[in-house]
Structures are given as structure tokens and as C-alpha cells.
file work-v8.tsv (TSV, C-alpha atoms)
chain	number	residue	atom	x	y	z
A	18	MET	CA	133.26	142.34	192.12
A	19	ILE	CA	129.93	142.15	190.32
A	20	ARG	CA	127.25	144.45	191.68
A	21	ILE	CA	123.78	142.94	191.37
A	22	CYS	CA	120.56	145.01	191.56
A	23	TYR	CA	117.23	143.27	192.11
A	24	PHE	CA	114.15	145.09	190.90
A	25	ALA	CA	110.43	145.01	191.74
A	26	ARG	CA	109.13	141.45	192.31
A	27	PHE	CA	112.64	140.06	192.69
A	28	ARG	CA	113.56	142.72	195.25
A	29	GLU	CA	110.46	141.76	197.25
A	30	GLN	CA	110.88	137.99	196.95
A	31	LEU	CA	114.57	138.02	197.80
A	32	GLY	CA	114.29	140.74	200.45
A	33	LEU	CA	117.31	142.38	198.89
A	34	ALA	CA	117.76	145.42	196.64
A	35	GLN	CA	121.40	144.85	195.80
A	36	GLU	CA	124.52	142.88	196.69
A	37	GLU	CA	128.05	142.29	195.46
A	38	VAL	CA	129.38	138.94	194.31
A	39	PRO	CA	133.08	138.28	193.72
A	40	CYS	CA	134.12	137.49	190.17
A	41	GLN	CA	134.79	133.77	189.92
A	42	PRO	CA	135.59	131.25	187.20
A	43	GLY	CA	132.04	129.85	187.12
A	44	ILE	CA	130.41	133.22	186.41
A	45	LEU	CA	131.28	134.24	182.89
A	46	THR	CA	127.86	135.28	181.58
A	47	ALA	CA	124.52	136.66	182.76
A	48	GLU	CA	122.99	133.19	182.71
A	49	ASP	CA	125.94	131.83	184.70
A	50	LEU	CA	125.20	134.47	187.33
A	51	LEU	CA	121.52	133.47	187.45
A	52	ALA	CA	122.54	129.81	187.82
A	53	HIS	CA	124.92	130.79	190.62
A	54	LEU	CA	122.14	132.62	192.45
A	55	ARG	CA	119.65	129.78	191.84
A	56	ALA	CA	122.09	127.31	193.35
A	57	ARG	CA	121.73	129.08	196.68
A	58	GLY	CA	118.42	127.21	196.95
A	59	GLY	CA	115.41	128.27	199.01
A	60	VAL	CA	113.89	131.60	198.01
A	61	TRP	CA	116.58	132.06	195.33
A	62	ALA	CA	115.57	128.89	193.55
A	63	GLU	CA	111.91	129.86	193.90
A	64	ALA	CA	112.39	133.39	192.58
A	65	LEU	CA	114.69	132.44	189.71
A	66	PRO	CA	113.54	128.99	188.55
A	67	GLU	CA	115.31	127.48	185.59
A	68	GLY	CA	113.45	128.14	182.34
A	69	ASP	CA	111.61	131.22	183.62
A	70	ARG	CA	112.23	134.37	181.63
A	71	VAL	CA	114.35	136.88	183.55
A	72	MET	CA	115.41	140.18	182.03
A	73	THR	CA	119.04	141.05	182.63
A	74	ALA	CA	120.88	144.30	182.06
A	75	ILE	CA	124.61	144.90	182.24
A	76	ASN	CA	125.54	148.48	183.01
A	77	GLN	CA	121.99	149.65	182.21
A	78	GLU	CA	121.85	147.89	178.85
A	79	LEU	CA	119.47	144.98	178.29
A	80	VAL	CA	121.43	141.92	177.22
A	81	ARG	CA	120.88	138.35	176.12
A	82	PRO	CA	121.56	135.67	178.78
A	83	GLU	CA	124.78	134.54	177.13
A	84	THR	CA	126.36	138.01	177.34
A	85	ALA	CA	129.72	138.08	179.14
A	86	ILE	CA	130.06	139.70	182.56
A	87	ARG	CA	133.24	141.50	183.55
A	88	ASP	CA	134.72	142.71	186.80
A	89	ASP	CA	133.04	145.90	188.11
A	90	ASP	CA	129.93	145.36	185.99
A	91	GLU	CA	126.52	146.21	187.39
A	92	VAL	CA	123.98	143.52	186.61
A	93	GLY	CA	120.29	144.38	186.90
A	94	ILE	CA	117.78	141.56	187.29
A	95	PHE	CA	114.22	142.46	186.26
A	96	PRO	CA	111.00	140.48	186.00
A	97	PRO	CA	109.21	140.56	182.63
A	98	VAL	CA	105.79	142.25	182.78
A	99	THR	CA	103.06	141.48	180.25
A	100	GLY	CA	99.88	142.51	182.08
A	101	GLY	CA	97.64	145.38	181.22
B	2	MET	CA	101.70	159.61	159.29
B	3	ASP	CA	103.83	159.56	156.25
B	4	ILE	CA	106.82	161.83	155.90
B	5	THR	CA	105.44	163.49	152.80
B	6	ASN	CA	102.42	164.68	154.74
B	7	ALA	CA	104.48	165.79	157.73
B	8	GLU	CA	106.71	167.84	155.48
B	9	ARG	CA	103.76	169.40	153.69
B	10	ILE	CA	102.05	170.44	156.92
B	11	GLU	CA	105.35	171.73	158.26
B	12	SER	CA	105.93	173.99	155.32
B	13	ARG	CA	102.55	175.61	154.77
B	14	GLU	CA	100.84	178.58	156.36
B	15	ILE	CA	98.05	177.67	158.79
B	16	PRO	CA	95.06	179.98	158.41
B	17	CYS	CA	92.68	180.53	161.32
B	18	GLN	CA	89.35	179.12	160.15
B	19	ASP	CA	85.96	180.45	161.20
B	20	HIS	CA	84.03	177.26	160.47
B	21	ARG	CA	83.75	174.00	162.35
B	22	LEU	CA	85.78	171.14	161.12
B	23	ASN	CA	83.81	168.52	159.30
B	24	PRO	CA	84.81	165.31	161.10
B	25	ASP	CA	84.38	163.36	157.89
B	26	GLN	CA	87.18	165.34	156.35
B	27	ALA	CA	89.48	165.14	159.32
B	28	MET	CA	90.01	161.56	160.01
B	29	ILE	CA	90.78	159.14	157.31
B	30	ASP	CA	93.44	160.30	154.94
B	31	THR	CA	96.57	161.72	156.55
B	32	ARG	CA	97.35	163.32	153.22
B	33	CYS	CA	94.30	165.57	153.73
B	34	VAL	CA	95.10	168.98	155.11
B	35	VAL	CA	93.14	169.61	158.29
B	36	ASP	CA	92.20	173.17	159.16
B	37	LEU	CA	91.30	174.06	162.72
B	38	SER	CA	88.15	175.97	163.68
B	39	ASP	CA	88.05	178.62	166.41
B	40	GLU	CA	86.36	176.09	168.70
B	41	GLN	CA	89.13	173.60	168.08
B	42	LEU	CA	91.75	176.26	168.71
B	43	LEU	CA	90.05	176.87	172.06
B	44	ARG	CA	89.64	173.19	172.92
B	45	TYR	CA	93.24	172.33	172.16
B	46	GLY	CA	94.76	175.69	173.02
B	47	ARG	CA	96.74	174.57	176.05
B	48	GLN	CA	98.74	172.03	174.05
B	49	ILE	CA	98.94	174.26	170.96
B	50	LEU	CA	100.69	176.75	173.25
B	51	LEU	CA	103.59	174.34	173.72
B	52	PRO	CA	106.48	175.73	171.67
B	53	ASP	CA	107.25	172.51	169.81
B	54	PHE	CA	103.60	171.51	169.38
B	55	GLY	CA	101.73	174.46	167.89
B	56	ILE	CA	98.94	174.37	165.33
B	57	GLU	CA	101.04	172.07	163.19
B	58	GLY	CA	101.10	169.50	165.99
B	59	GLN	CA	97.35	169.74	166.42
B	60	GLU	CA	96.80	169.27	162.71
B	61	ARG	CA	99.00	166.21	162.76
B	62	LEU	CA	96.96	164.74	165.62
B	63	ALA	CA	93.70	165.50	163.78
B	64	ALA	CA	95.01	163.69	160.72
B	65	ALA	CA	96.37	160.75	162.72
B	66	ARG	CA	94.92	157.26	162.97
B	67	VAL	CA	95.76	155.15	166.02
B	68	LEU	CA	94.99	151.57	167.05
B	69	ILE	CA	94.67	150.83	170.78
B	70	VAL	CA	94.71	147.13	171.62
B	71	GLY	CA	93.09	146.47	174.98
B	72	LEU	CA	90.64	148.71	176.83
B	73	GLY	CA	91.54	147.69	180.38
B	74	GLY	CA	93.74	149.42	182.91
B	75	LEU	CA	96.30	150.71	180.41
B	76	GLY	CA	93.90	151.26	177.53
B	77	SER	CA	91.61	153.42	179.67
B	78	PRO	CA	93.96	156.38	180.14
B	79	VAL	CA	95.46	155.92	176.68
B	80	ALA	CA	92.07	156.09	174.95
B	81	MET	CA	90.89	159.02	177.04
B	82	TYR	CA	94.05	161.10	176.61
B	83	LEU	CA	94.31	160.44	172.89
B	84	ALA	CA	90.63	161.29	172.33
B	85	ALA	CA	90.83	164.38	174.52
B	86	ALA	CA	93.99	165.50	172.73
B	87	GLY	CA	92.21	165.32	169.37
B	88	VAL	CA	93.59	162.26	167.55
B	89	GLY	CA	91.45	162.11	164.41
B	90	ARG	CA	90.55	158.45	164.32
B	91	ILE	CA	90.98	155.82	167.02
B	92	HIS	CA	90.48	152.11	166.43
B	93	LEU	CA	89.62	150.35	169.70
B	94	ALA	CA	90.20	146.60	169.92
B	95	ASP	CA	88.92	144.50	172.82
B	96	PHE	CA	86.74	141.37	172.78
B	97	ASP	CA	85.94	141.43	176.51
B	98	ARG	CA	82.95	142.62	178.55
B	99	ILE	CA	83.04	144.77	181.65
B	100	ASP	CA	83.09	143.01	185.00
B	101	LEU	CA	82.68	144.62	188.41
B	102	SER	CA	86.27	143.63	189.25
B	103	ASN	CA	87.54	145.79	186.35
B	104	LEU	CA	86.22	149.06	187.70
B	105	GLN	CA	88.87	149.60	190.39
B	106	ARG	CA	91.38	150.57	187.68
B	107	GLN	CA	89.70	150.61	184.25
B	108	ILE	CA	88.49	154.19	184.55
B	109	LEU	CA	87.11	154.32	181.01
B	110	HIS	CA	84.11	152.26	182.16
B	111	ASP	CA	81.20	153.05	184.49
B	112	THR	CA	79.35	150.92	187.01
B	113	ASP	CA	76.24	151.26	184.82
B	114	HIS	CA	78.15	149.55	182.02
B	115	ILE	CA	78.84	146.24	183.76
B	116	GLY	CA	78.08	143.54	181.22
B	117	TRP	CA	78.59	145.88	178.25
B	118	THR	CA	81.32	145.21	175.77
B	119	LYS	CA	84.36	147.33	176.58
B	120	THR	CA	84.32	148.75	173.07
B	121	ALA	CA	80.69	149.93	173.42
B	122	SER	CA	81.42	151.47	176.80
B	123	ALA	CA	84.53	153.17	175.44
B	124	CYS	CA	82.70	154.51	172.38
B	125	GLN	CA	80.10	156.18	174.59
B	126	ARG	CA	82.63	157.69	177.01
B	127	LEU	CA	84.98	158.94	174.31
B	128	ALA	CA	82.16	160.44	172.25
B	129	ARG	CA	81.14	162.45	175.31
B	130	LEU	CA	84.72	163.44	175.97
B	131	ASN	CA	85.43	164.61	172.43
B	132	PRO	CA	82.72	164.21	169.78
B	133	GLU	CA	85.13	165.28	167.04
B	134	VAL	CA	87.11	162.04	167.23
B	135	GLU	CA	86.06	159.16	165.01
B	136	ILE	CA	85.97	155.92	166.96
B	137	ILE	CA	86.03	152.53	165.27
B	138	ALA	CA	85.26	149.56	167.52
B	139	ILE	CA	86.80	146.14	166.90
B	140	GLN	CA	84.89	143.77	169.14
B	141	SER	CA	86.30	140.46	167.87
B	142	ARG	CA	89.51	138.75	168.92
B	143	LEU	CA	92.34	139.91	166.71
B	144	SER	CA	93.98	137.21	164.63
B	145	THR	CA	97.43	137.60	163.11
B	146	GLU	CA	95.77	138.33	159.77
B	147	SER	CA	93.17	140.78	161.08
B	148	LEU	CA	95.90	142.58	163.01
B	149	ARG	CA	97.89	143.06	159.85
B	150	VAL	CA	94.83	144.49	158.09
B	151	VAL	CA	94.07	146.97	160.88
B	152	VAL	CA	97.69	147.96	161.45
B	153	ALA	CA	98.02	148.80	157.76
B	154	GLN	CA	95.27	151.42	158.25
B	155	VAL	CA	96.88	153.32	161.13
B	156	ASP	CA	99.86	155.56	161.82
B	157	LEU	CA	100.65	154.17	165.28
B	158	VAL	CA	99.67	151.30	167.59
B	159	VAL	CA	99.45	151.42	171.37
B	160	ASP	CA	99.75	147.99	172.97
B	161	CYS	CA	97.65	147.87	176.13
B	162	CYS	CA	96.88	144.15	176.07
B	163	ASP	CA	97.47	141.66	178.86
B	164	ASN	CA	99.32	138.73	177.38
B	165	PHE	CA	102.62	137.83	175.73
B	166	ALA	CA	101.15	136.03	172.69
B	167	THR	CA	99.10	139.07	171.64
B	168	ARG	CA	102.07	141.35	172.27
B	169	LEU	CA	104.17	139.26	169.89
B	170	ALA	CA	101.44	139.31	167.24
B	171	ILE	CA	101.08	143.10	167.53
B	172	ASN	CA	104.84	143.50	167.26
B	173	GLY	CA	105.00	141.32	164.16
B	174	ALA	CA	102.22	143.27	162.46
B	175	CYS	CA	103.73	146.65	163.36
B	176	PHE	CA	107.21	145.74	162.21
B	177	ALA	CA	105.91	144.26	158.94
B	178	ALA	CA	103.98	147.47	158.23
B	179	GLY	CA	106.70	149.82	159.51
B	180	VAL	CA	104.23	151.31	162.00
B	181	PRO	CA	105.50	152.68	165.35
B	182	LEU	CA	104.43	150.78	168.46
B	183	VAL	CA	104.13	152.10	171.99
B	184	SER	CA	104.26	149.20	174.42
B	185	GLY	CA	103.26	149.32	178.08
B	186	ALA	CA	102.73	146.62	180.69
B	187	ALA	CA	101.83	146.59	184.37
B	188	ILE	CA	101.15	144.13	187.16
B	189	ARG	CA	101.12	144.31	190.97
B	190	MET	CA	103.22	147.42	191.63
B	191	GLU	CA	105.59	147.23	188.67
B	192	GLY	CA	105.40	148.51	185.14
B	193	GLN	CA	107.39	148.82	181.92
B	194	ILE	CA	107.15	151.15	178.93
B	195	THR	CA	109.02	151.45	175.66
B	196	ALA	CA	108.41	152.43	172.05
B	197	PHE	CA	109.52	150.94	168.76
B	198	SER	CA	109.85	152.91	165.55
B	199	GLY	CA	108.95	150.01	163.27
B	200	SER	CA	111.95	150.92	161.15
B	201	SER	CA	114.20	148.39	159.54
B	202	GLY	CA	116.94	147.20	161.86
B	203	GLY	CA	114.85	147.37	165.04
B	204	PRO	CA	114.85	147.00	167.95
B	205	CYS	CA	111.38	145.49	168.29
B	206	TYR	CA	109.39	143.87	171.10
B	207	ARG	CA	110.93	140.48	170.20
B	208	CYS	CA	114.40	141.90	170.96
B	209	LEU	CA	113.12	142.70	174.45
B	210	HIS	CA	112.02	139.10	174.98
B	211	PRO	CA	114.19	136.78	172.89
B	212	SER	CA	112.82	133.77	174.77
B	213	GLU	CA	109.23	132.94	175.61
B	214	VAL	CA	107.42	134.29	178.64
B	215	HIS	CA	105.71	131.02	179.46
B	216	GLU	CA	103.22	132.21	182.02
B	217	ASP	CA	101.51	135.58	181.94
B	218	ARG	CA	101.03	136.94	185.43
B	219	THR	CA	97.46	138.20	185.50
B	220	CYS	CA	95.86	140.94	187.56
B	221	SER	CA	93.23	138.46	188.75
B	222	ALA	CA	95.89	136.18	190.24
B	223	ASN	CA	98.52	138.70	191.30
B	224	GLY	CA	96.66	141.94	191.90
B	225	VAL	CA	97.43	145.40	190.57
B	226	LEU	CA	97.49	148.83	192.17
B	227	ALA	CA	94.93	151.01	190.37
B	228	PRO	CA	97.03	154.15	189.76
B	229	LEU	CA	99.95	152.07	188.49
B	230	VAL	CA	98.13	151.37	185.23
B	231	GLY	CA	97.28	155.07	185.13
B	232	ILE	CA	100.96	155.99	185.38
B	233	ILE	CA	102.06	153.55	182.69
B	234	GLY	CA	99.08	154.28	180.42
B	235	SER	CA	99.62	158.01	180.74
B	236	ILE	CA	103.22	157.62	179.65
B	237	GLN	CA	102.08	155.51	176.69
B	238	ALA	CA	99.67	158.28	175.69
B	239	THR	CA	102.47	160.82	176.07
B	240	GLU	CA	104.77	158.81	173.82
B	241	ALA	CA	102.00	158.31	171.26
B	242	ILE	CA	101.34	162.05	171.03
B	243	LYS	CA	105.08	162.76	170.83
B	244	ILE	CA	105.58	160.32	167.97
B	245	LEU	CA	102.51	161.53	166.06
B	246	THR	CA	103.45	165.19	166.35
B	247	GLY	CA	107.24	165.02	166.33
B	248	LEU	CA	107.35	166.52	169.82
B	249	GLY	CA	110.45	165.79	171.91
B	250	THR	CA	112.40	162.54	171.71
B	251	PRO	CA	110.54	159.20	171.68
B	252	LEU	CA	111.41	156.29	173.94
B	253	TYR	CA	112.91	154.41	170.98
B	254	GLY	CA	115.77	152.22	172.16
B	255	ARG	CA	115.02	152.72	175.84
B	256	LEU	CA	112.98	150.69	178.30
B	257	LEU	CA	111.59	152.44	181.37
B	258	LEU	CA	110.90	150.26	184.40
B	259	LEU	CA	108.94	151.33	187.45
B	260	ASP	CA	108.95	149.77	190.90
B	261	ALA	CA	106.04	151.67	192.44
B	262	ALA	CA	106.64	150.12	195.87
B	263	THR	CA	109.85	152.11	196.20
B	264	MET	CA	108.97	154.56	193.37
B	265	ASP	CA	112.24	153.72	191.67
B	266	TRP	CA	112.55	154.22	187.92
B	267	ARG	CA	115.21	152.60	185.76
B	268	SER	CA	116.02	153.53	182.19
B	269	LEU	CA	117.75	150.76	180.25
B	270	SER	CA	119.06	150.95	176.73
B	271	LEU	CA	117.51	148.42	174.36
B	272	ASN	CA	119.40	147.59	171.21
B	273	ALA	CA	118.36	145.54	168.21
B	274	ASP	CA	119.10	141.86	168.70
B	275	PRO	CA	121.13	140.63	165.70
B	276	GLU	CA	119.48	137.23	166.18
B	277	CYS	CA	115.93	138.60	166.43
B	278	PRO	CA	113.55	136.46	164.35
B	279	VAL	CA	111.42	139.53	163.57
B	280	CYS	CA	113.59	142.57	162.93
B	281	SER	CA	117.12	141.33	162.20
B	282	ARG	CA	118.50	141.56	158.69
B	283	GLU	CA	118.46	137.76	158.49
B	284	ALA	CA	114.74	137.77	159.38
B	285	SER	CA	114.07	140.45	156.76
B	286	GLY	CA	115.60	138.20	154.16
B	287	SER	CA	113.41	135.25	155.15
B	288	SER	CA	109.68	134.74	154.72
B	289	GLY	CA	108.96	137.32	157.40
B	290	THR	CA	106.30	135.27	159.14
B	291	SER	CA	107.99	135.06	162.54
B	292	LEU	CA	106.40	136.67	165.55
call {"tool": "encode", "arguments": {"input": "work-v8.tsv", "output": "C-alpha cells"}}
result
Amino acid sequence: MIRICYFARFREQLGLAQEEVPCQPGILTAEDLLAHLRARGGVWAEALPEGDRVMTAINQELVRPETAIRDDDEVGIFPPVTGG
Amino acid sequence: MDITNAERIESREIPCQDHRLNPDQAMIDTRCVVDLSDEQLLRYGRQILLPDFGIEGQERLAAARVLIVGLGGLGSPVAMYLAAAGVGRIHLADFDRIDLSNLQRQILHDTDHIGWTKTASACQRLARLNPEVEIIAIQSRLSTESLRVVVAQVDLVVDCCDNFATRLAINGACFAAGVPLVSGAAIRMEGQITAFSGSSGGPCYRCLHPSEVHEDRTCSANGVLAPLVGIIGSIQATEAIKILTGLGTPLYGRLLLLDAATMDWRSLSLNADPECPVCSREASGSSGTSL
């Protein structure tokens, strides 16, 4: 299983703080996972539109989108913040 | 602050002086030795009491030069804490003027100052807070070139701006000059803070965002909770003082994230991106103009 944690704006938009997704052949990387979630449509597609910058962490380490995900990983999904 | 100076201050005896510090001697050259007057020992006594801070830490602050970019919600607490703590010289960069809508969170500025430039308002407030600190106002928009010139004159930069493009330019200038950068950001009820050493090999702000953030979410469109910028700005000021004095362990290589709605903090490790166009070895070997 992959444990997903949604933070801040994503937690609010999706109405979900965390969930578990079974490992599957189509989810090999962080960006695969985002595509999988986006494909749910509705609020998922709105919150995670293709091309929008999303920060992802695997086991509390920030990673590039193409980083591989393994069974039992925790994936954090964070919105970038640039305001001040 | 260069290492040579830090080592020299570390190793010498600190006499208790009975004269006031001449501000003209205190601020510009970190290689100058700064002696503290009795009044300064009283003003800064509560932080001098900290075991790892001491008179040496206060002298390092008095000799330090800091650039703060942005005098809004984040820049307000940063500027006030750094001035109150006795940083010798503070460069303040902001091209904007004060609007009534700023005052809910930008606590550096007063209602009487609506329409003033933020730098003028800040200069007045900080001079009242601590007249010993030299303040240099930069009212114009910072270009890549002007940033490089200013960054070369300081020991540390605190990024309190509100947009991705400026953040990239600040990062590029800091990394090129090897100057530490304390980066904070806030919107709505969420915030992020980290610090970069500016040392070869990174990480740098570009490693945090390897792809573009196409649309900056602004306070005017999305809202922001007033104390949130106080929380994030206060942590930026804390990190700045730590780095300048050698106190504690800086946030290098870690990103703190706050969800103020649930008051959850996350601490993520941030490593140098080997493909980073700014701080990777490949980038160092190129022209070095990437942001």
C-alpha cells in the first residue's frame, strides 16, 4: 500500500487528510501517482491539474516528480507557497 | 560574515566598554571589531545571557549586514526583530507603497503612513525601535544585476517577497555570492520556511522548485490570516540570527511546512538536486547565469 498525506490547501480542497492506495503497475513514480489521483476527475482534477506545480515528498524527503514509489512508502502532497 | 572574522571574535577577550558605540564604526566592515557599551549590554542583555549567544554573538550581530527583500507581512516581523536584536546594518528593499489593505498583517506600518513608501515607513519605525542600527532603503525594483550588487555587500539575505520570479532571482544572486538565504512564504493559512547556506553543492531554492510555479497565489486574491505571516516571519528572523551568530543548528537542508488550520507542522528533508540549473556541479561549470 502507498499511504498518501494531503497538506494544507490540498487537504481542504479534497476534504481528506490521508488515504491508502494499493500499489499497482501504473503507479511507479510520484508523477504517476498524481496522474492516478487526477484521473478520478471532479475535485481531484481541479485540485491537481496537469502542469500545476505540486510538491511531493516520499518518506518525508522532497523528491522530483519522476522519483520511484515503493510499497509501504508515505507520499506527502504539498502546495507550493510563494506569497509574503 | 566571513570565517576569518568569526574566528577572530571567537578567540579574543571582550572588554566591557564604558563608552557608547559609534554607529559609524559598527556597521560596515565585518572585519571591524565591535565593542559593546554598558547601554548596549543592557539593551541586549536578555539574549547575551543565552549560553551559546553571549557577548560574542552580540558582536557578530553588530558587525552583520543583512538584506531583507519585501516589507510586507513577512518582512515586518523580520525587520523589527533583526533591528531590535541589534543587527548592525539592514538593507530594506521594497518598491511598493502602503495601502489600507496591508495594515491587517504588515505590522511594521502605521495607519498614518498610508501612501508612504514601505521603505520610508520602515526606516522611521526601525529608527525608533533601535537607533543604533543603520538602515539603508532600496526603493526601486530590484533587477538581477542590482540584486547581485546588493547581495555582494551583505552577510545574509532574508527573502520576504511575494512572487516566484523574484525568489528565483534572489536565489541566483545568493548562490553566486555564496551568501546564506533564509526563505519564507505564506498564503491563506499555510506557510513554508527553509534556509540555504549558499555553499557549493546546494541545495538552493531552485532545488525546491525544479519546475516553474506558473501562477503566484496572492494575498489579495486568496486571503491570508494575519498572525500566519507573523509566525513564518518570526521563524525567518530566528534563523537569520542563528546563522549570523552561529547559534544552534540552521534549517539548512530542511523545509518546514505549516498548516495553520490544523496547526500541523511537517519537517521535510531537502537535498541538492543533481540536475539543478543553479547549484549543481554541472551548473557551476557552465556560465552560471541560470536562475
call {"tool": "residues_around", "arguments": {"input": "work-v8.tsv", "residues": "Ile19 of chain A", "least_positions_apart": "4", "cutoff": "12 Å", "atoms": "only C-alpha atoms", "output": "list of chain:residue names"}}
result
A:Gln35, A:Glu36, A:Glu37, A:Val38, A:Pro39, A:Cys40, A:Gln41, A:Ile44, A:Leu45, A:Thr46, A:Ala47, A:Leu50, A:Ile75, A:Asn76, A:Ala85, A:Ile86, A:Arg87, A:Asp88, A:Asp89, A:Asp90, A:Glu91, A:Val92, A:Gly93
call {"tool": "atom_distance", "arguments": {"input": "work-v8.tsv", "atom1": "atom CA of Gly74 of chain B", "atom2": "atom CA of Cys205 of chain B"}}
result
23.2 Å
call {"tool": "closest_atom_pairs", "arguments": {"input": "work-v8.tsv", "of": "chain B", "to": "chain A", "cutoff": "7 Å", "atoms": "all atoms listed in the file", "output": "CSV"}}
result
residue,atom,partner,partner_atom,distance
B:Gly73,CA,A:Gly101,CA,6.6
B:Gly74,CA,A:Gly101,CA,5.9
B:Leu75,CA,A:Gly101,CA,5.6
B:Cys161,CA,A:Gly101,CA,5.7
B:Cys162,CA,A:Gly101,CA,5.3
B:Asp163,CA,A:Gly100,CA,4.1
B:Asn164,CA,A:Thr99,CA,5.5
B:Phe165,CA,A:Thr99,CA,5.8
B:Ala186,CA,A:Thr99,CA,5.2
B:Ala187,CA,A:Gly100,CA,5.1
B:Ile188,CA,A:Gly100,CA,5.5
B:Glu191,CA,A:Ala25,CA,6.1
B:Gly192,CA,A:Val98,CA,6.7
B:Gln193,CA,A:Val98,CA,6.8
B:Ser212,CA,A:Arg70,CA,6.9
B:Glu213,CA,A:Arg70,CA,6.9
B:Val214,CA,A:Arg70,CA,5.7
B:Asp217,CA,A:Thr99,CA,6.3
B:Arg218,CA,A:Gly100,CA,6.6
B:Thr219,CA,A:Gly100,CA,6.0
B:Cys220,CA,A:Gly100,CA,7.0
B:Asp260,CA,A:Ala25,CA,5.1
B:Leu269,CA,A:Gln77,CA,4.8
B:Ser270,CA,A:Glu78,CA,4.7
B:Leu271,CA,A:Leu79,CA,5.6
call {"tool": "residues_around", "arguments": {"input": "work-v8.tsv", "residues": "Phe176 of chain B", "least_positions_apart": "4", "cutoff": "9 Å", "atoms": "all atoms listed in the file", "output": "PyMOL selection string"}}
result
chain B and resi 171-172+180-182+197-201+203+205+279-280
call {"tool": "atom_distance", "arguments": {"input": "work-v8.tsv", "atom1": "atom CA of Thr195 of chain B", "atom2": "atom CA of Ala177 of chain B"}}
result
18.5 Å
call {"tool": "closest_residue", "arguments": {"input": "work-v8.tsv", "among": "B:Pro132, B:Pro78, B:Pro275, B:Pro204", "to": "Ile232 of chain B", "atoms": "all atoms listed in the file"}}
result
B:Pro78
call {"tool": "closest_residue", "arguments": {"input": "work-v8.tsv", "among": "A:Glu83, A:Gln30, A:Ile94, A:Ile21", "to": "Asp49 of chain A", "atoms": "all atoms listed in the file"}}
result
A:Glu83
call {"tool": "decode", "arguments": {"input": "work-v8.tsv", "residues": "segment 21-28 of chain A", "atoms": "all heavy atoms", "output": "mmCIF file, in the first residue's frame"}}
result
data_model
loop_
_atom_site.group_PDB
_atom_site.id
_atom_site.type_symbol
_atom_site.label_atom_id
_atom_site.label_comp_id
_atom_site.auth_asym_id
_atom_site.auth_seq_id
_atom_site.Cartn_x
_atom_site.Cartn_y
_atom_site.Cartn_z
ATOM 1 N N ILE A 21 -0.919 8.096 1.420
ATOM 2 C CA ILE A 21 -0.836 9.455 0.871
ATOM 3 C C ILE A 21 -1.332 10.450 1.919
ATOM 4 O O ILE A 21 -2.396 10.259 2.520
ATOM 5 C CB ILE A 21 -1.702 9.605 -0.403
ATOM 6 C CG1 ILE A 21 -1.423 8.461 -1.380
ATOM 7 C CG2 ILE A 21 -1.439 10.944 -1.076
ATOM 8 C CD1 ILE A 21 -2.372 8.458 -2.572
ATOM 9 N N CYS A 22 -0.558 11.526 2.143
ATOM 10 C CA CYS A 22 -0.946 12.590 3.072
ATOM 11 C C CYS A 22 -1.153 13.873 2.275
ATOM 12 O O CYS A 22 -0.273 14.270 1.498
ATOM 13 C CB CYS A 22 0.140 12.824 4.116
ATOM 14 S SG CYS A 22 0.464 11.383 5.137
ATOM 15 N N TYR A 23 -2.310 14.481 2.463
ATOM 16 C CA TYR A 23 -2.613 15.748 1.784
ATOM 17 C C TYR A 23 -2.476 16.870 2.791
ATOM 18 O O TYR A 23 -2.990 16.785 3.904
ATOM 19 C CB TYR A 23 -4.030 15.718 1.207
ATOM 20 C CG TYR A 23 -4.256 14.571 0.265
ATOM 21 C CD1 TYR A 23 -4.933 13.418 0.680
ATOM 22 C CD2 TYR A 23 -3.789 14.619 -1.044
ATOM 23 C CE1 TYR A 23 -5.140 12.351 -0.176
ATOM 24 C CE2 TYR A 23 -3.989 13.555 -1.914
ATOM 25 C CZ TYR A 23 -4.660 12.425 -1.469
ATOM 26 O OH TYR A 23 -4.852 11.369 -2.322
ATOM 27 N N PHE A 24 -1.818 17.953 2.360
ATOM 28 C CA PHE A 24 -1.474 19.006 3.307
ATOM 29 C C PHE A 24 -2.103 20.326 2.888
ATOM 30 O O PHE A 24 -2.189 20.653 1.702
ATOM 31 C CB PHE A 24 0.047 19.156 3.374
ATOM 32 C CG PHE A 24 0.565 19.800 4.620
ATOM 33 C CD1 PHE A 24 0.510 19.140 5.839
ATOM 34 C CD2 PHE A 24 1.113 21.078 4.594
ATOM 35 C CE1 PHE A 24 0.994 19.726 6.999
ATOM 36 C CE2 PHE A 24 1.611 21.678 5.746
ATOM 37 C CZ PHE A 24 1.547 21.001 6.954
ATOM 38 N N ALA A 25 -2.529 21.103 3.880
ATOM 39 C CA ALA A 25 -2.957 22.492 3.705
ATOM 40 C C ALA A 25 -4.060 22.607 2.641
ATOM 41 O O ALA A 25 -5.112 21.989 2.770
ATOM 42 C CB ALA A 25 -1.746 23.373 3.381
ATOM 43 N N ARG A 26 -3.801 23.395 1.583
ATOM 44 C CA ARG A 26 -4.847 23.654 0.578
ATOM 45 C C ARG A 26 -5.388 22.357 -0.012
ATOM 46 O O ARG A 26 -6.599 22.230 -0.252
ATOM 47 C CB ARG A 26 -4.263 24.548 -0.528
ATOM 48 C CG ARG A 26 -5.175 24.761 -1.718
ATOM 49 C CD ARG A 26 -4.715 25.928 -2.576
ATOM 50 N NE ARG A 26 -3.366 25.780 -3.096
ATOM 51 C CZ ARG A 26 -3.063 25.140 -4.243
ATOM 52 N NH1 ARG A 26 -4.019 24.561 -4.947
ATOM 53 N NH2 ARG A 26 -1.812 25.081 -4.658
ATOM 54 N N PHE A 27 -4.520 21.386 -0.248
ATOM 55 C CA PHE A 27 -4.991 20.124 -0.827
ATOM 56 C C PHE A 27 -5.906 19.383 0.150
ATOM 57 O O PHE A 27 -6.913 18.801 -0.243
ATOM 58 C CB PHE A 27 -3.805 19.244 -1.235
ATOM 59 C CG PHE A 27 -3.014 19.811 -2.379
ATOM 60 C CD1 PHE A 27 -1.635 19.775 -2.373
ATOM 61 C CD2 PHE A 27 -3.656 20.386 -3.473
ATOM 62 C CE1 PHE A 27 -0.902 20.304 -3.430
ATOM 63 C CE2 PHE A 27 -2.943 20.917 -4.531
ATOM 64 C CZ PHE A 27 -1.553 20.875 -4.513
ATOM 65 N N ARG A 28 -5.532 19.397 1.421
ATOM 66 C CA ARG A 28 -6.375 18.749 2.437
ATOM 67 C C ARG A 28 -7.773 19.374 2.433
ATOM 68 O O ARG A 28 -8.779 18.680 2.502
ATOM 69 C CB ARG A 28 -5.730 18.885 3.813
ATOM 70 C CG ARG A 28 -6.565 18.315 4.965
ATOM 71 C CD ARG A 28 -5.959 18.640 6.318
ATOM 72 N NE ARG A 28 -5.706 20.072 6.477
ATOM 73 C CZ ARG A 28 -6.644 20.997 6.661
ATOM 74 N NH1 ARG A 28 -7.918 20.640 6.704
ATOM 75 N NH2 ARG A 28 -6.321 22.264 6.772
#
